[in-house]
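These notes concern the structure reproduced below.
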Amino acid sequence: MKLYTSKTVSQWLGLTERRIRQLRDEGIIDEARPGLYDLKPTVLRYIKYLGGAGRESLQTERMKLTAEKRKAAEMDNEVRRGELHSTEDIETGIKTMCLNIRGRFLAMPAKLSPALAAAGGNQAEIFDILKAAINEALEEISDYRVALALNGDDEDEEKQDS
């Protein structure tokens, strides 16, 4: 039995000498004596290692792909059932709600000024008027369906005005 150095083995396998030492340390190939290798069993063990590693990683990749396909199918089903919404839909909804809230509060001075003027400086009455108006606005926009519907009505009115 002829023994070869790690340099020779590395040339046969197309690897660096450092990689040969790593394979030895990982138990993939064995030294016949310190620093010397039997070429035939070393090459065979390395080939088996490559074949096993390739199959394992391919199987792992297939499992990952199957899992991702399953997640995608579940998400598609959730979208169809209306349980999952796109980011754009959520952003549009939030923007609509914020614009409706803004519009509601900006309309308060025009709506309340006559009532406040009629209160004649009575702080308790002014407080009650303001509190009632704010509570009414907040109650109306507390239901997201109402808040979203308000903007849709505005768009319909704008289309009719055109």
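Labeling convention for the structure tokens: chains A, B, ... as they appear, residues from 1 per chain, ligands from 1 in order of appearance.
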Would you give me, as a ChimeraX atom specification, the residues in chain A that DSSP reads as strand (DSSP E or B)?
/A:3-5,33,36-38
How would you write, as a compact mmCIF listing (two decimals) with N, CA, C and O atoms, in the first residue's frame, the set of residues in region 4-157 of chain A that DSSP gives as alpha helix (DSSP H)?
```
# COMPACT_ATOMS: atom_id res chain seq x y z
N SER A 6 -0.65 15.06 1.70
CA SER A 6 -1.87 15.86 1.50
C SER A 6 -1.74 16.70 0.22
O SER A 6 -2.75 16.98 -0.44
N LYS A 7 -0.54 17.05 -0.17
CA LYS A 7 -0.34 17.81 -1.40
C LYS A 7 -0.77 16.99 -2.61
O LYS A 7 -1.48 17.48 -3.48
N THR A 8 -0.36 15.73 -2.65
CA THR A 8 -0.72 14.85 -3.75
C THR A 8 -2.23 14.60 -3.77
O THR A 8 -2.87 14.66 -4.82
N VAL A 9 -2.80 14.32 -2.59
CA VAL A 9 -4.24 14.08 -2.49
C VAL A 9 -5.01 15.32 -2.94
O VAL A 9 -6.01 15.22 -3.66
N SER A 10 -4.54 16.50 -2.54
CA SER A 10 -5.23 17.73 -2.93
C SER A 10 -5.19 17.91 -4.45
O SER A 10 -6.17 18.37 -5.04
N GLN A 11 -4.08 17.54 -5.09
CA GLN A 11 -3.99 17.64 -6.54
C GLN A 11 -4.95 16.66 -7.22
O GLN A 11 -5.59 16.99 -8.20
N TRP A 12 -5.03 15.44 -6.69
CA TRP A 12 -5.93 14.43 -7.25
C TRP A 12 -7.40 14.86 -7.12
O TRP A 12 -8.20 14.63 -8.02
N LEU A 13 -7.76 15.47 -5.99
CA LEU A 13 -9.15 15.84 -5.74
C LEU A 13 -9.49 17.25 -6.23
O LEU A 13 -10.64 17.65 -6.21
N GLU A 17 -4.66 22.05 0.03
CA GLU A 17 -4.17 21.22 1.14
C GLU A 17 -4.94 21.55 2.42
O GLU A 17 -5.21 20.67 3.23
N ARG A 18 -5.31 22.80 2.58
CA ARG A 18 -6.08 23.20 3.76
C ARG A 18 -7.43 22.49 3.79
O ARG A 18 -7.88 22.02 4.82
N ARG A 19 -8.08 22.39 2.61
CA ARG A 19 -9.38 21.71 2.54
C ARG A 19 -9.23 20.23 2.86
O ARG A 19 -10.09 19.62 3.50
N ILE A 20 -8.11 19.64 2.46
CA ILE A 20 -7.84 18.23 2.78
C ILE A 20 -7.77 18.08 4.30
O ILE A 20 -8.35 17.15 4.87
N ARG A 21 -7.08 18.99 4.98
CA ARG A 21 -7.00 18.93 6.44
C ARG A 21 -8.38 19.12 7.08
O ARG A 21 -8.70 18.46 8.06
N GLN A 22 -9.19 20.01 6.49
CA GLN A 22 -10.55 20.21 7.02
C GLN A 22 -11.38 18.93 6.87
O GLN A 22 -12.10 18.54 7.80
N LEU A 23 -11.28 18.29 5.71
CA LEU A 23 -12.01 17.04 5.50
C LEU A 23 -11.54 15.96 6.48
O LEU A 23 -12.35 15.19 6.99
N ARG A 24 -10.25 15.93 6.75
CA ARG A 24 -9.71 15.00 7.74
C ARG A 24 -10.28 15.30 9.12
O ARG A 24 -10.74 14.41 9.82
N ASP A 25 -10.28 16.59 9.50
CA ASP A 25 -10.78 16.99 10.82
C ASP A 25 -12.29 16.71 10.96
O ASP A 25 -12.77 16.42 12.06
N LEU A 39 -4.52 6.62 -1.19
CA LEU A 39 -5.22 7.38 -2.21
C LEU A 39 -6.59 6.81 -2.58
O LEU A 39 -7.58 7.53 -2.64
N LYS A 40 -6.67 5.49 -2.82
CA LYS A 40 -7.92 4.90 -3.29
C LYS A 40 -9.05 5.08 -2.27
O LYS A 40 -10.11 5.60 -2.62
N PRO A 41 -8.90 4.67 -1.00
CA PRO A 41 -9.99 4.86 -0.04
C PRO A 41 -10.32 6.34 0.21
O PRO A 41 -11.48 6.70 0.41
N THR A 42 -9.31 7.18 0.12
CA THR A 42 -9.53 8.61 0.33
C THR A 42 -10.41 9.18 -0.78
O THR A 42 -11.37 9.90 -0.52
N VAL A 43 -10.09 8.84 -2.02
CA VAL A 43 -10.89 9.32 -3.15
C VAL A 43 -12.31 8.78 -3.07
O VAL A 43 -13.28 9.51 -3.28
N LEU A 44 -12.46 7.49 -2.75
CA LEU A 44 -13.79 6.88 -2.65
C LEU A 44 -14.63 7.55 -1.55
O LEU A 44 -15.81 7.84 -1.75
N ARG A 45 -14.03 7.79 -0.40
CA ARG A 45 -14.77 8.44 0.69
C ARG A 45 -15.16 9.86 0.33
O ARG A 45 -16.24 10.32 0.66
N TYR A 46 -14.28 10.55 -0.39
CA TYR A 46 -14.61 11.93 -0.80
C TYR A 46 -15.76 11.93 -1.81
O TYR A 46 -16.67 12.75 -1.75
N ILE A 47 -15.75 10.98 -2.74
CA ILE A 47 -16.83 10.87 -3.72
C ILE A 47 -18.15 10.56 -3.03
O ILE A 47 -19.20 11.15 -3.34
N LYS A 48 -18.14 9.65 -2.07
CA LYS A 48 -19.36 9.33 -1.31
C LYS A 48 -19.84 10.56 -0.54
O LYS A 48 -21.04 10.82 -0.47
N TYR A 49 -18.90 11.30 0.01
CA TYR A 49 -19.26 12.53 0.72
C TYR A 49 -19.95 13.51 -0.21
O TYR A 49 -20.98 14.08 0.11
N LEU A 50 -19.39 13.71 -1.40
CA LEU A 50 -20.00 14.63 -2.36
C LEU A 50 -21.39 14.16 -2.79
O LEU A 50 -22.32 14.96 -2.89
N GLY A 51 -21.54 12.88 -3.04
CA GLY A 51 -22.83 12.34 -3.45
C GLY A 51 -23.87 12.50 -2.37
O GLY A 51 -25.00 12.91 -2.62
N GLY A 52 -23.50 12.21 -1.15
CA GLY A 52 -24.44 12.33 -0.02
C GLY A 52 -24.79 13.77 0.25
O GLY A 52 -25.95 14.11 0.48
N ALA A 53 -23.80 14.65 0.18
CA ALA A 53 -24.05 16.07 0.45
C ALA A 53 -24.95 16.65 -0.62
O ALA A 53 -25.85 17.42 -0.33
N GLY A 54 -24.73 16.26 -1.85
CA GLY A 54 -25.55 16.78 -2.94
C GLY A 54 -27.00 16.32 -2.81
O GLY A 54 -27.92 17.09 -2.99
N ARG A 55 -27.20 15.04 -2.50
CA ARG A 55 -28.56 14.52 -2.36
C ARG A 55 -29.27 15.19 -1.20
O ARG A 55 -30.42 15.56 -1.28
N GLU A 56 -28.55 15.33 -0.10
CA GLU A 56 -29.16 15.93 1.09
C GLU A 56 -29.56 17.38 0.82
O GLU A 56 -30.67 17.78 1.16
N SER A 57 -28.68 18.14 0.17
CA SER A 57 -29.02 19.53 -0.07
C SER A 57 -30.13 19.65 -1.11
O SER A 57 -30.99 20.51 -1.00
N LEU A 58 -30.17 18.76 -2.09
CA LEU A 58 -31.23 18.77 -3.07
C LEU A 58 -32.57 18.45 -2.41
O LEU A 58 -33.58 19.11 -2.67
N GLN A 59 -32.55 17.45 -1.54
CA GLN A 59 -33.78 17.09 -0.83
C GLN A 59 -34.22 18.24 0.08
O GLN A 59 -35.40 18.57 0.14
N THR A 60 -33.28 18.87 0.74
CA THR A 60 -33.60 20.01 1.60
C THR A 60 -34.20 21.14 0.77
O THR A 60 -35.19 21.75 1.17
N GLU A 61 -33.60 21.42 -0.38
CA GLU A 61 -34.12 22.48 -1.25
C GLU A 61 -35.53 22.15 -1.74
O GLU A 61 -36.38 23.02 -1.81
N ARG A 62 -35.77 20.90 -2.07
CA ARG A 62 -37.12 20.50 -2.50
C ARG A 62 -38.13 20.68 -1.37
O ARG A 62 -39.25 21.12 -1.62
N MET A 63 -37.72 20.34 -0.17
CA MET A 63 -38.61 20.51 0.98
C MET A 63 -38.92 21.98 1.21
O MET A 63 -40.06 22.36 1.46
N LYS A 64 -37.90 22.83 1.09
CA LYS A 64 -38.10 24.26 1.26
C LYS A 64 -39.02 24.82 0.18
O LYS A 64 -39.91 25.63 0.46
N LEU A 65 -38.81 24.38 -1.06
CA LEU A 65 -39.64 24.83 -2.17
C LEU A 65 -41.10 24.41 -1.96
O LEU A 65 -42.01 25.20 -2.15
N THR A 66 -41.30 23.18 -1.53
CA THR A 66 -42.66 22.70 -1.27
C THR A 66 -43.31 23.50 -0.16
O THR A 66 -44.48 23.88 -0.26
N ALA A 67 -42.55 23.80 0.88
CA ALA A 67 -43.10 24.59 1.99
C ALA A 67 -43.47 25.99 1.52
O ALA A 67 -44.52 26.52 1.90
N GLU A 68 -42.64 26.60 0.70
CA GLU A 68 -42.92 27.95 0.19
C GLU A 68 -44.15 27.94 -0.73
O GLU A 68 -44.96 28.86 -0.69
N LYS A 69 -44.27 26.89 -1.56
CA LYS A 69 -45.44 26.79 -2.43
C LYS A 69 -46.71 26.64 -1.59
O LYS A 69 -47.74 27.21 -1.92
N ARG A 70 -46.61 25.90 -0.51
CA ARG A 70 -47.76 25.72 0.37
C ARG A 70 -48.15 27.05 1.01
O ARG A 70 -49.32 27.41 1.07
N LYS A 71 -47.15 27.80 1.49
CA LYS A 71 -47.43 29.11 2.08
C LYS A 71 -48.10 30.04 1.07
O LYS A 71 -49.04 30.76 1.39
N ALA A 72 -47.59 30.02 -0.17
CA ALA A 72 -48.16 30.87 -1.21
C ALA A 72 -49.61 30.48 -1.50
O ALA A 72 -50.48 31.35 -1.66
N ALA A 73 -49.89 29.19 -1.55
CA ALA A 73 -51.26 28.73 -1.80
C ALA A 73 -52.17 29.13 -0.64
O ALA A 73 -53.32 29.56 -0.86
N GLU A 74 -51.68 29.01 0.59
CA GLU A 74 -52.48 29.41 1.75
C GLU A 74 -52.76 30.91 1.71
O GLU A 74 -53.88 31.34 2.01
N MET A 75 -51.77 31.70 1.32
CA MET A 75 -51.98 33.15 1.23
C MET A 75 -52.99 33.48 0.13
O MET A 75 -53.85 34.35 0.32
N ASP A 76 -52.91 32.79 -1.00
CA ASP A 76 -53.89 33.01 -2.07
C ASP A 76 -55.30 32.70 -1.58
O ASP A 76 -56.24 33.45 -1.86
N ASN A 77 -55.44 31.60 -0.84
CA ASN A 77 -56.76 31.25 -0.30
C ASN A 77 -57.25 32.31 0.68
O ASN A 77 -58.43 32.66 0.69
N GLU A 78 -56.36 32.82 1.53
CA GLU A 78 -56.75 33.85 2.49
C GLU A 78 -57.16 35.14 1.77
O GLU A 78 -58.10 35.81 2.19
N VAL A 79 -56.49 35.47 0.67
CA VAL A 79 -56.86 36.65 -0.11
C VAL A 79 -58.26 36.45 -0.70
O VAL A 79 -59.10 37.35 -0.64
N ARG A 80 -58.51 35.28 -1.26
CA ARG A 80 -59.83 35.00 -1.86
C ARG A 80 -60.94 35.06 -0.82
O ARG A 80 -62.05 35.49 -1.14
N ARG A 81 -60.66 34.59 0.40
CA ARG A 81 -61.67 34.61 1.46
C ARG A 81 -61.80 35.99 2.10
O ARG A 81 -62.67 36.19 2.93
N THR A 87 -50.74 45.26 1.01
CA THR A 87 -50.21 46.44 1.68
C THR A 87 -50.81 47.70 1.09
O THR A 87 -51.16 48.63 1.82
N GLU A 88 -50.97 47.72 -0.23
CA GLU A 88 -51.55 48.91 -0.89
C GLU A 88 -52.97 49.16 -0.43
O GLU A 88 -53.37 50.30 -0.20
N ASP A 89 -53.77 48.06 -0.28
CA ASP A 89 -55.14 48.22 0.19
C ASP A 89 -55.19 48.79 1.60
O ASP A 89 -56.00 49.67 1.90
N ILE A 90 -54.30 48.31 2.45
CA ILE A 90 -54.26 48.79 3.83
C ILE A 90 -53.84 50.26 3.85
O ILE A 90 -54.45 51.07 4.55
N GLU A 91 -52.80 50.60 3.08
CA GLU A 91 -52.35 52.00 3.03
C GLU A 91 -53.45 52.92 2.52
O GLU A 91 -53.67 54.00 3.07
N THR A 92 -54.15 52.48 1.49
CA THR A 92 -55.25 53.29 0.94
C THR A 92 -56.34 53.48 1.99
O THR A 92 -56.86 54.59 2.16
N GLY A 93 -56.68 52.42 2.68
CA GLY A 93 -57.70 52.50 3.72
C GLY A 93 -57.31 53.45 4.84
O GLY A 93 -58.13 54.27 5.29
N ILE A 94 -56.07 53.36 5.28
CA ILE A 94 -55.62 54.23 6.37
C ILE A 94 -55.59 55.69 5.90
O ILE A 94 -56.01 56.59 6.64
N LYS A 95 -55.11 55.92 4.69
CA LYS A 95 -55.09 57.29 4.15
C LYS A 95 -56.51 57.85 4.07
O LYS A 95 -56.76 59.01 4.44
N THR A 96 -57.43 57.04 3.60
CA THR A 96 -58.83 57.46 3.49
C THR A 96 -59.39 57.82 4.85
O THR A 96 -60.03 58.87 5.02
N MET A 97 -59.13 56.95 5.84
CA MET A 97 -59.64 57.21 7.19
C MET A 97 -59.04 58.51 7.74
O MET A 97 -59.76 59.33 8.33
N CYS A 98 -57.76 58.70 7.55
CA CYS A 98 -57.12 59.92 8.07
C CYS A 98 -57.67 61.17 7.39
O CYS A 98 -57.90 62.18 8.05
N LEU A 99 -57.87 61.09 6.08
CA LEU A 99 -58.45 62.24 5.38
C LEU A 99 -59.88 62.54 5.86
O LEU A 99 -60.26 63.70 6.00
N ASN A 100 -60.64 61.49 6.11
CA ASN A 100 -61.99 61.69 6.62
C ASN A 100 -61.99 62.30 8.02
O ASN A 100 -62.79 63.18 8.33
N ILE A 101 -61.08 61.83 8.86
CA ILE A 101 -60.96 62.39 10.21
C ILE A 101 -60.57 63.87 10.11
O ILE A 101 -61.16 64.73 10.78
N ARG A 102 -59.60 64.14 9.26
CA ARG A 102 -59.15 65.53 9.09
C ARG A 102 -60.31 66.42 8.62
O ARG A 102 -60.54 67.49 9.16
N GLY A 103 -61.01 65.95 7.61
CA GLY A 103 -62.13 66.72 7.08
C GLY A 103 -63.21 66.95 8.13
O GLY A 103 -63.78 68.05 8.23
N ARG A 104 -63.47 65.94 8.91
CA ARG A 104 -64.49 66.04 9.96
C ARG A 104 -64.11 67.12 10.98
O ARG A 104 -64.95 67.93 11.40
N PHE A 105 -62.85 67.12 11.40
CA PHE A 105 -62.41 68.12 12.39
C PHE A 105 -62.26 69.51 11.78
O PHE A 105 -62.53 70.51 12.45
N LEU A 106 -61.87 69.62 10.53
CA LEU A 106 -61.77 70.92 9.89
C LEU A 106 -63.16 71.56 9.68
O LEU A 106 -63.28 72.79 9.63
N MET A 108 -65.57 71.38 11.83
CA MET A 108 -66.15 71.74 13.13
C MET A 108 -66.27 73.25 13.36
O MET A 108 -67.32 73.70 13.83
N PRO A 109 -65.26 74.05 13.09
CA PRO A 109 -65.41 75.49 13.36
C PRO A 109 -66.61 76.10 12.62
O PRO A 109 -67.39 76.85 13.21
N ALA A 110 -66.76 75.78 11.34
CA ALA A 110 -67.88 76.35 10.58
C ALA A 110 -69.22 75.86 11.13
O ALA A 110 -70.19 76.61 11.22
N LYS A 111 -69.25 74.59 11.53
CA LYS A 111 -70.48 74.00 12.05
C LYS A 111 -70.83 74.53 13.44
O LYS A 111 -71.99 74.77 13.76
N LEU A 112 -69.81 74.74 14.28
CA LEU A 112 -70.05 75.09 15.68
C LEU A 112 -70.05 76.58 15.97
O LEU A 112 -70.54 77.01 17.02
N SER A 113 -69.47 77.38 15.10
CA SER A 113 -69.36 78.82 15.41
C SER A 113 -70.70 79.47 15.72
O SER A 113 -70.78 80.25 16.68
N PRO A 114 -71.79 79.19 14.99
CA PRO A 114 -73.06 79.83 15.37
C PRO A 114 -73.53 79.41 16.77
O PRO A 114 -73.99 80.25 17.55
N ALA A 115 -73.39 78.15 17.09
CA ALA A 115 -73.82 77.67 18.40
C ALA A 115 -72.96 78.26 19.51
O ALA A 115 -73.45 78.61 20.58
N LEU A 116 -71.66 78.39 19.25
CA LEU A 116 -70.77 78.96 20.26
C LEU A 116 -71.04 80.46 20.45
O LEU A 116 -70.97 80.97 21.58
N ALA A 117 -71.33 81.15 19.36
CA ALA A 117 -71.65 82.57 19.47
C ALA A 117 -72.94 82.76 20.27
O ALA A 117 -73.06 83.69 21.07
N ALA A 118 -73.89 81.85 20.07
CA ALA A 118 -75.17 81.94 20.79
C ALA A 118 -74.99 81.61 22.27
O ALA A 118 -75.82 82.02 23.10
N ALA A 119 -73.91 80.92 22.62
CA ALA A 119 -73.68 80.57 24.03
C ALA A 119 -73.31 81.79 24.84
O ALA A 119 -73.39 81.77 26.07
N GLN A 123 -69.05 79.31 29.62
CA GLN A 123 -68.03 78.28 29.42
C GLN A 123 -68.61 76.88 29.51
O GLN A 123 -68.22 76.00 28.76
N ALA A 124 -69.52 76.64 30.42
CA ALA A 124 -70.09 75.31 30.56
C ALA A 124 -70.85 74.92 29.30
O ALA A 124 -70.74 73.78 28.81
N GLU A 125 -71.62 75.84 28.74
CA GLU A 125 -72.38 75.55 27.53
C GLU A 125 -71.45 75.36 26.34
O GLU A 125 -71.63 74.45 25.52
N ILE A 126 -70.39 76.18 26.23
CA ILE A 126 -69.40 76.04 25.15
C ILE A 126 -68.71 74.68 25.25
O ILE A 126 -68.54 73.97 24.26
N PHE A 127 -68.34 74.31 26.49
CA PHE A 127 -67.71 73.02 26.73
C PHE A 127 -68.62 71.89 26.26
O PHE A 127 -68.18 70.97 25.57
N ASP A 128 -69.87 71.94 26.65
CA ASP A 128 -70.83 70.89 26.27
C ASP A 128 -71.01 70.80 24.76
O ASP A 128 -71.07 69.70 24.19
N ILE A 129 -71.09 71.95 24.09
CA ILE A 129 -71.24 71.97 22.63
C ILE A 129 -70.04 71.33 21.95
O ILE A 129 -70.16 70.48 21.06
N LEU A 130 -68.83 71.76 22.39
CA LEU A 130 -67.60 71.21 21.81
C LEU A 130 -67.47 69.71 22.09
O LEU A 130 -67.13 68.93 21.19
N LYS A 131 -67.72 69.31 23.31
CA LYS A 131 -67.61 67.90 23.69
C LYS A 131 -68.58 67.05 22.88
O LYS A 131 -68.21 65.98 22.37
N ALA A 132 -69.82 67.52 22.73
CA ALA A 132 -70.81 66.76 21.97
C ALA A 132 -70.38 66.63 20.50
O ALA A 132 -70.52 65.55 19.90
N ALA A 133 -69.87 67.70 19.91
CA ALA A 133 -69.44 67.67 18.51
C ALA A 133 -68.25 66.73 18.32
O ALA A 133 -68.20 65.95 17.36
N ILE A 134 -67.29 66.79 19.24
CA ILE A 134 -66.12 65.92 19.14
C ILE A 134 -66.53 64.46 19.33
O ILE A 134 -66.10 63.57 18.58
N ASN A 135 -67.37 64.19 20.32
CA ASN A 135 -67.84 62.82 20.55
C ASN A 135 -68.60 62.29 19.33
O ASN A 135 -68.43 61.13 18.95
N GLU A 136 -69.42 63.13 18.72
CA GLU A 136 -70.17 62.73 17.52
C GLU A 136 -69.21 62.36 16.39
O GLU A 136 -69.37 61.34 15.73
N ALA A 137 -68.20 63.20 16.18
CA ALA A 137 -67.22 62.94 15.11
C ALA A 137 -66.44 61.66 15.40
O ALA A 137 -66.25 60.82 14.50
N LEU A 138 -65.99 61.50 16.63
CA LEU A 138 -65.22 60.30 16.97
C LEU A 138 -66.07 59.04 16.89
O LEU A 138 -65.59 57.99 16.46
N GLU A 139 -67.31 59.14 17.31
CA GLU A 139 -68.20 57.98 17.25
C GLU A 139 -68.44 57.57 15.79
O GLU A 139 -68.42 56.39 15.45
N GLU A 140 -68.63 58.55 14.94
CA GLU A 140 -68.88 58.28 13.53
C GLU A 140 -67.69 57.62 12.86
O GLU A 140 -67.85 56.70 12.06
N ILE A 141 -66.48 58.05 13.19
CA ILE A 141 -65.30 57.49 12.53
C ILE A 141 -64.71 56.30 13.27
O ILE A 141 -63.75 55.72 12.83
N TYR A 144 -64.53 51.57 11.14
CA TYR A 144 -63.73 51.77 9.94
C TYR A 144 -64.56 51.70 8.66
O TYR A 144 -64.26 52.37 7.68
N ARG A 145 -65.65 50.92 8.67
CA ARG A 145 -66.48 50.83 7.47
C ARG A 145 -67.15 52.17 7.17
O ARG A 145 -67.24 52.59 6.02
N VAL A 146 -67.58 52.86 8.23
CA VAL A 146 -68.19 54.18 8.05
C VAL A 146 -67.13 55.18 7.59
O VAL A 146 -67.36 55.96 6.68
N ALA A 147 -65.95 55.12 8.24
CA ALA A 147 -64.88 56.06 7.89
C ALA A 147 -64.45 55.88 6.44
O ALA A 147 -64.19 56.85 5.73
N LEU A 148 -64.38 54.65 5.97
CA LEU A 148 -64.00 54.40 4.58
C LEU A 148 -65.13 54.78 3.63
O LEU A 148 -64.88 55.27 2.53
N ALA A 149 -66.36 54.57 4.04
CA ALA A 149 -67.50 54.88 3.19
C ALA A 149 -67.66 56.38 2.98
O ALA A 149 -68.08 56.82 1.93
N LEU A 150 -67.26 57.17 3.98
CA LEU A 150 -67.39 58.63 3.85
C LEU A 150 -66.60 59.13 2.66
O LEU A 150 -67.07 59.94 1.89
N ASN A 151 -65.38 58.63 2.49
CA ASN A 151 -64.55 59.07 1.38
C ASN A 151 -65.15 58.63 0.06
O ASN A 151 -65.12 59.34 -0.91
N GLY A 152 -65.70 57.43 0.01
CA GLY A 152 -66.32 56.95 -1.21
C GLY A 152 -67.48 57.84 -1.62
O GLY A 152 -67.69 58.11 -2.79
N ASP A 153 -68.25 58.34 -0.65
CA ASP A 153 -69.35 59.25 -0.95
C ASP A 153 -68.83 60.55 -1.53
O ASP A 153 -69.41 61.09 -2.47
N ASP A 154 -67.73 61.05 -0.97
CA ASP A 154 -67.14 62.29 -1.48
C ASP A 154 -66.72 62.12 -2.93
O ASP A 154 -66.92 63.01 -3.75
N GLU A 155 -66.13 60.96 -3.27
CA GLU A 155 -65.68 60.72 -4.63
C GLU A 155 -66.88 60.66 -5.57
O GLU A 155 -66.83 61.16 -6.69
N ASP A 156 -67.99 60.03 -5.11
CA ASP A 156 -69.18 59.94 -5.94
C ASP A 156 -69.75 61.32 -6.21
O ASP A 156 -70.18 61.63 -7.32
N GLU A 157 -69.74 62.16 -5.16
CA GLU A 157 -70.26 63.53 -5.31
C GLU A 157 -69.41 64.32 -6.30
O GLU A 157 -69.92 65.07 -7.11
```
